[in-house]
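*Asks:* Sharing input.cif here; it has mmCIF, C-alpha atoms.
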```
data_query
#
loop_
_atom_site.group_PDB
_atom_site.id
_atom_site.type_symbol
_atom_site.label_atom_id
_atom_site.label_comp_id
_atom_site.auth_asym_id
_atom_site.auth_seq_id
_atom_site.Cartn_x
_atom_site.Cartn_y
_atom_site.Cartn_z
ATOM 1 C CA MET A 28 15.751 -16.123 14.270
ATOM 2 C CA SER A 29 18.217 -13.755 12.662
ATOM 3 C CA ALA A 30 21.911 -13.580 13.560
ATOM 4 C CA ASN A 31 21.351 -10.120 15.045
ATOM 5 C CA PRO A 32 18.646 -10.376 17.733
ATOM 6 C CA THR A 33 18.217 -6.567 17.871
ATOM 7 C CA ARG A 34 17.475 -6.377 14.149
ATOM 8 C CA TYR A 35 14.002 -5.034 13.467
ATOM 9 C CA ASP A 36 12.016 -7.627 11.500
ATOM 10 C CA LEU A 37 8.703 -6.282 10.239
ATOM 11 C CA GLU A 38 7.749 -9.623 8.698
ATOM 12 C CA ASP A 39 8.134 -11.364 12.055
ATOM 13 C CA ARG A 40 6.139 -8.585 13.726
ATOM 14 C CA LEU A 41 3.301 -9.043 11.221
ATOM 15 C CA ILE A 42 3.324 -12.802 11.796
ATOM 16 C CA ARG A 43 3.146 -12.278 15.579
ATOM 17 C CA PHE A 44 0.279 -9.846 14.982
ATOM 18 C CA ALA A 45 -1.569 -12.460 12.879
ATOM 19 C CA VAL A 46 -1.108 -15.016 15.667
ATOM 20 C CA SER A 47 -2.410 -12.474 18.180
ATOM 21 C CA VAL A 48 -5.503 -11.919 16.007
ATOM 22 C CA ILE A 49 -6.023 -15.681 15.786
ATOM 23 C CA ASP A 50 -5.814 -15.871 19.585
ATOM 24 C CA VAL A 51 -8.503 -13.192 19.889
ATOM 25 C CA VAL A 52 -10.766 -14.991 17.403
ATOM 26 C CA GLU A 53 -10.336 -18.326 19.204
ATOM 27 C CA VAL A 54 -11.745 -16.841 22.423
ATOM 28 C CA LEU A 55 -14.756 -15.090 20.875
ATOM 29 C CA PRO A 56 -18.107 -16.576 21.887
ATOM 30 C CA SER A 57 -19.641 -19.172 19.609
ATOM 31 C CA THR A 58 -22.653 -17.015 18.824
ATOM 32 C CA LYS A 59 -23.953 -15.615 15.559
ATOM 33 C CA THR A 60 -22.191 -12.313 16.329
ATOM 34 C CA GLY A 61 -18.986 -13.917 17.563
ATOM 35 C CA ASN A 62 -18.758 -16.165 14.508
ATOM 36 C CA HIS A 63 -19.404 -13.310 12.075
ATOM 37 C CA ILE A 64 -16.898 -10.946 13.664
ATOM 38 C CA GLY A 65 -14.389 -13.769 14.083
ATOM 39 C CA SER A 66 -14.650 -14.702 10.433
ATOM 40 C CA GLN A 67 -14.130 -11.096 9.299
ATOM 41 C CA LEU A 68 -11.317 -10.492 11.779
ATOM 42 C CA ILE A 69 -9.439 -13.647 10.810
ATOM 43 C CA ARG A 70 -9.476 -12.555 7.147
ATOM 44 C CA SER A 71 -8.363 -8.974 7.681
ATOM 45 C CA GLY A 72 -6.004 -9.605 10.593
ATOM 46 C CA THR A 73 -4.005 -12.421 9.032
ATOM 47 C CA SER A 74 -3.633 -10.952 5.532
ATOM 48 C CA PRO A 75 -1.049 -8.195 6.243
ATOM 49 C CA ALA A 76 1.780 -10.714 6.805
ATOM 50 C CA PRO A 77 1.480 -12.534 3.438
ATOM 51 C CA ASN A 78 0.755 -9.252 1.659
ATOM 52 C CA TYR A 79 3.996 -7.893 3.116
ATOM 53 C CA GLY A 80 5.770 -10.882 1.560
ATOM 54 C CA GLU A 81 4.270 -9.893 -1.790
ATOM 55 C CA ALA A 82 5.312 -6.257 -1.307
ATOM 56 C CA GLN A 83 8.903 -7.352 -0.761
ATOM 57 C CA SER A 84 8.947 -8.842 -4.258
ATOM 58 C CA ALA A 85 7.031 -6.036 -5.956
ATOM 59 C CA GLU A 86 7.739 -5.624 -9.656
ATOM 60 C CA SER A 87 7.886 -1.831 -9.528
ATOM 61 C CA ARG A 88 7.621 1.063 -7.119
ATOM 62 C CA ARG A 89 3.954 1.480 -8.095
ATOM 63 C CA ASP A 90 3.335 -2.211 -7.406
ATOM 64 C CA PHE A 91 5.070 -1.841 -4.034
ATOM 65 C CA ILE A 92 2.893 1.163 -3.137
ATOM 66 C CA HIS A 93 -0.230 -0.731 -4.174
ATOM 67 C CA LYS A 94 0.657 -3.731 -1.993
ATOM 68 C CA ILE A 95 1.553 -1.514 0.976
ATOM 69 C CA LYS A 96 -1.832 0.202 0.635
ATOM 70 C CA ILE A 97 -3.556 -3.202 0.656
ATOM 71 C CA ILE A 98 -1.762 -3.998 3.923
ATOM 72 C CA LEU A 99 -2.867 -0.639 5.299
ATOM 73 C CA LYS A 100 -6.471 -1.250 4.246
ATOM 74 C CA GLU A 101 -6.525 -4.658 5.944
ATOM 75 C CA LEU A 102 -4.974 -3.261 9.129
ATOM 76 C CA ARG A 103 -7.571 -0.492 9.272
ATOM 77 C CA GLU A 104 -10.370 -3.026 8.863
ATOM 78 C CA THR A 105 -8.828 -5.148 11.619
ATOM 79 C CA ARG A 106 -8.713 -2.111 13.899
ATOM 80 C CA ILE A 107 -12.458 -1.534 13.425
ATOM 81 C CA TRP A 108 -13.297 -5.172 14.216
ATOM 82 C CA LEU A 109 -11.133 -5.047 17.348
ATOM 83 C CA LYS A 110 -12.861 -1.854 18.469
ATOM 84 C CA ILE A 111 -16.259 -3.512 17.991
ATOM 85 C CA ILE A 112 -15.109 -6.490 20.066
ATOM 86 C CA LEU A 113 -13.927 -4.199 22.843
ATOM 87 C CA ARG A 114 -16.996 -1.990 22.807
ATOM 88 C CA LYS A 115 -19.345 -4.999 22.868
ATOM 89 C CA ASN A 116 -17.215 -6.764 25.517
ATOM 90 C CA LEU A 117 -17.043 -9.931 23.415
ATOM 91 C CA PHE A 118 -13.583 -10.822 24.638
ATOM 92 C CA GLU A 119 -12.286 -11.797 28.062
ATOM 93 C CA PRO A 120 -9.866 -10.622 29.285
ATOM 94 C CA LEU A 121 -10.119 -7.265 27.556
ATOM 95 C CA ASP A 122 -6.393 -6.620 28.072
ATOM 96 C CA ALA A 123 -5.386 -9.127 25.367
ATOM 97 C CA ALA A 124 -7.690 -7.513 22.799
ATOM 98 C CA THR A 125 -6.435 -4.071 23.835
ATOM 99 C CA VAL A 126 -2.807 -5.152 23.323
ATOM 100 C CA THR A 127 -3.713 -6.455 19.850
ATOM 101 C CA LEU A 128 -5.474 -3.173 19.053
ATOM 102 C CA THR A 129 -2.433 -1.179 20.197
ATOM 103 C CA GLU A 130 -0.156 -3.263 17.962
ATOM 104 C CA CYS A 131 -2.587 -2.765 15.078
ATOM 105 C CA ASP A 132 -2.441 1.024 15.566
ATOM 106 C CA GLU A 133 1.366 0.944 15.561
ATOM 107 C CA LEU A 134 1.458 -1.145 12.379
ATOM 108 C CA ILE A 135 -0.970 1.270 10.711
ATOM 109 C CA ARG A 136 1.371 4.163 11.508
ATOM 110 C CA ILE A 137 4.362 2.235 10.126
ATOM 111 C CA PHE A 138 2.650 1.330 6.851
ATOM 112 C CA ALA A 139 1.018 4.744 6.388
ATOM 113 C CA LYS A 140 4.465 6.338 6.657
ATOM 114 C CA SER A 141 5.943 3.729 4.327
ATOM 115 C CA ALA A 142 3.267 4.390 1.683
ATOM 116 C CA LYS A 143 3.738 8.149 1.992
ATOM 117 C CA THR A 144 7.521 7.856 1.667
ATOM 118 C CA ALA A 145 7.288 5.511 -1.336
ATOM 119 C CA GLU A 146 4.810 7.848 -3.051
ATOM 120 C CA SER A 147 7.025 10.882 -2.495
ATOM 121 C CA ASN A 148 10.006 8.944 -3.888
ATOM 122 C CA LEU A 149 7.928 7.994 -6.926
ATOM 123 C CA VAL A 150 7.081 11.633 -7.617
ATOM 124 C CA ARG A 151 10.761 12.602 -7.443
ATOM 125 C CA GLU A 152 11.842 9.822 -9.815
ATOM 126 C CA ARG A 153 12.178 10.477 -13.512
ATOM 127 C CA PRO A 154 11.304 7.507 -15.718
ATOM 128 C CA ASP A 155 14.064 5.577 -17.467
ATOM 129 C CA ARG A 156 14.341 7.170 -20.929
ATOM 130 C CA THR A 157 15.938 4.050 -22.429
ATOM 131 C CA HIS A 158 12.656 2.143 -22.024
ATOM 132 C CA PRO A 159 9.803 4.501 -22.900
ATOM 133 C CA SER A 160 6.318 3.545 -21.805
ATOM 134 C CA ILE A 161 2.932 5.097 -21.163
ATOM 135 C CA PHE A 162 4.322 5.977 -17.714
ATOM 136 C CA ASP A 163 7.057 7.904 -19.528
ATOM 137 C CA ILE A 164 4.432 9.802 -21.513
ATOM 138 C CA GLU A 165 2.731 10.982 -18.355
ATOM 139 C CA TYR A 166 5.885 12.895 -17.489
ATOM 140 C CA SER A 167 7.301 13.758 -20.915
ATOM 141 C CA ILE A 168 4.256 15.531 -22.343
ATOM 142 C CA PHE A 169 4.677 18.265 -19.810
ATOM 143 C CA ASP A 170 8.277 18.776 -20.968
ATOM 144 C CA ILE A 171 7.341 19.509 -24.605
ATOM 145 C CA PRO A 172 7.250 23.278 -25.181
ATOM 146 C CA ASP A 173 5.028 24.802 -27.811
ATOM 147 C CA ALA A 174 6.408 27.213 -30.423
ATOM 148 C CA GLY A 175 6.385 30.059 -27.909
ATOM 149 C CA GLY A 176 8.359 28.043 -25.354
ATOM 150 C CA LYS A 177 5.307 27.528 -23.163
ATOM 151 C CA LEU A 178 5.164 24.053 -21.542
ATOM 152 C CA VAL A 179 2.302 21.723 -22.429
ATOM 153 C CA GLY A 180 1.065 21.732 -18.846
ATOM 154 C CA ASP A 181 0.137 25.388 -19.367
ATOM 155 C CA CYS A 182 -1.752 24.970 -22.665
ATOM 156 C CA ASP A 183 -5.213 23.883 -23.727
ATOM 157 C CA GLU A 184 -6.533 20.299 -23.896
ATOM 158 C CA GLN A 185 -6.248 20.077 -27.716
ATOM 159 C CA ARG A 186 -2.522 20.862 -27.563
ATOM 160 C CA LYS A 187 -2.037 18.328 -24.733
ATOM 161 C CA THR A 188 -3.784 15.644 -26.798
ATOM 162 C CA SER A 189 -1.611 16.321 -29.843
ATOM 163 C CA ASN A 190 1.525 16.108 -27.698
ATOM 164 C CA ILE A 191 0.378 12.788 -26.234
ATOM 165 C CA GLU A 192 -0.203 11.455 -29.759
ATOM 166 C CA TYR A 193 3.247 12.792 -30.752
ATOM 167 C CA SER A 194 4.867 11.013 -27.805
ATOM 168 C CA ILE A 195 3.059 7.743 -28.555
ATOM 169 C CA SER A 196 4.109 7.859 -32.212
ATOM 170 C CA ASN A 197 7.733 8.304 -31.140
ATOM 171 C CA ILE A 198 7.508 5.312 -28.829
ATOM 172 C CA GLU A 199 5.812 3.136 -31.430
ATOM 173 C CA GLY A 200 8.088 4.356 -34.200
ATOM 174 C CA GLY A 201 11.227 4.150 -32.089
ATOM 175 C CA GLY A 202 11.844 7.895 -32.162
ATOM 176 C CA ASN A 203 14.798 9.160 -30.163
ATOM 177 C CA ASP A 204 13.459 12.438 -28.807
ATOM 178 C CA PRO A 205 15.079 13.515 -25.550
#
```
Show me the file's structure as structure tokens.

*Replies:*
Amino acid sequence: MSANPTRYDLEDRLIRFAVSVIDVVEVLPSTKTGNHIGSQLIRSGTSPAPNYGEAQSAESRRDFIHKIKIILKELRETRIWLKIILRKNLFEPLDAATVTLTECDELIRIFAKSAKTAESNLVRERPDRTHPSIFDIEYSIFDIPDAGGKLVGDCDEQRKTSNIEYSISNIEGGGNDP
């Protein structure tokens, strides 16, 4: 436990959620349906916690967004399986499955907001000009004006292609264009 007991710990919350999903699966009937749903639920419901660990050590903002979206995808799948369990009345008492579903919905909202925020921050970021890359090209080609001062984003495809080739040659040749 952390030194500050009021500190919000998303990792711990995801681990408690995974344990809650395991508890639901353990009580499902040992039928063909129960085993199938249990197997699917255990996969999707326990993966957000370790995927969150991977997101915390993401190599870039894009990698972070990708991992957050994987968590979101798994949570949404878990929500569907829990809804099937509740609708089919495969779980007794239903309250425990309902509590797990409510937590799943809250986690979905948290991670959807996190992905949206990270994506909006990515759009606002300008790439590091000291280390040009293909990512840099995606932004820089729109900053290259043609002879009339018109930006590439406003010109035809042939002009865009030539500007991309120009940008790549500068990266490969070590050009120092701003």

*Asks:* Starting from the PyMOL selection byres ((chain A and resi 59-66) around 12), expand the selection into actual residues of this file and give them as an MDAnalysis selection string.

*Replies:* chainID A and resid 48:58 67:73 104:105 107:113 115:118

*Asks:* For this file, the PyMOL selection byres ((chain A and resi 135) around 10) selects which residues, as number ranges by chain?

*Replies:* A: 98-103, 106, 129-134, 136-141

*Asks:* Can you measure atom CA of Ile95 of chain A to atom CA of Pro77 of chain A for me? One decimal in Å is fine.

*Replies:* 11.3 Å

*Asks:* Just give me the gap between atom CA of Val150 of chain A and atom CA of Ala76 of chain A in Å, one decimal is fine.

*Replies:*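 Pair atom CA of Val150 of chain A / atom CA of Ala76 of chain A returns 27.1 Å.
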
*Asks:* If you measure from atom CA of Thr125 of chain A to atom CA of Ala142 of chain A, what distance in Å do you get, rounded to one decimal?

*Replies:* 25.6 Å

*Asks:* Considering only C-alpha atoms, state which residue in the set A:Leu121, A:Pro75, A:Arg88, A:Ala145 is at the smallest distance from Arg40 of chain A.

*Replies:*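 Ranked by minimum distance to Arg40 of chain A, first place goes to A:Pro75.
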
*Asks:* Closest to Gly80 of chain A among A:Leu149, A:Leu41, A:Ala123, A:Leu128, using only C-alpha atoms?

*Replies:*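 Of A:Leu149, A:Leu41, A:Ala123, A:Leu128, the one nearest Gly80 of chain A, counting only C-alpha atoms, is A:Leu41.
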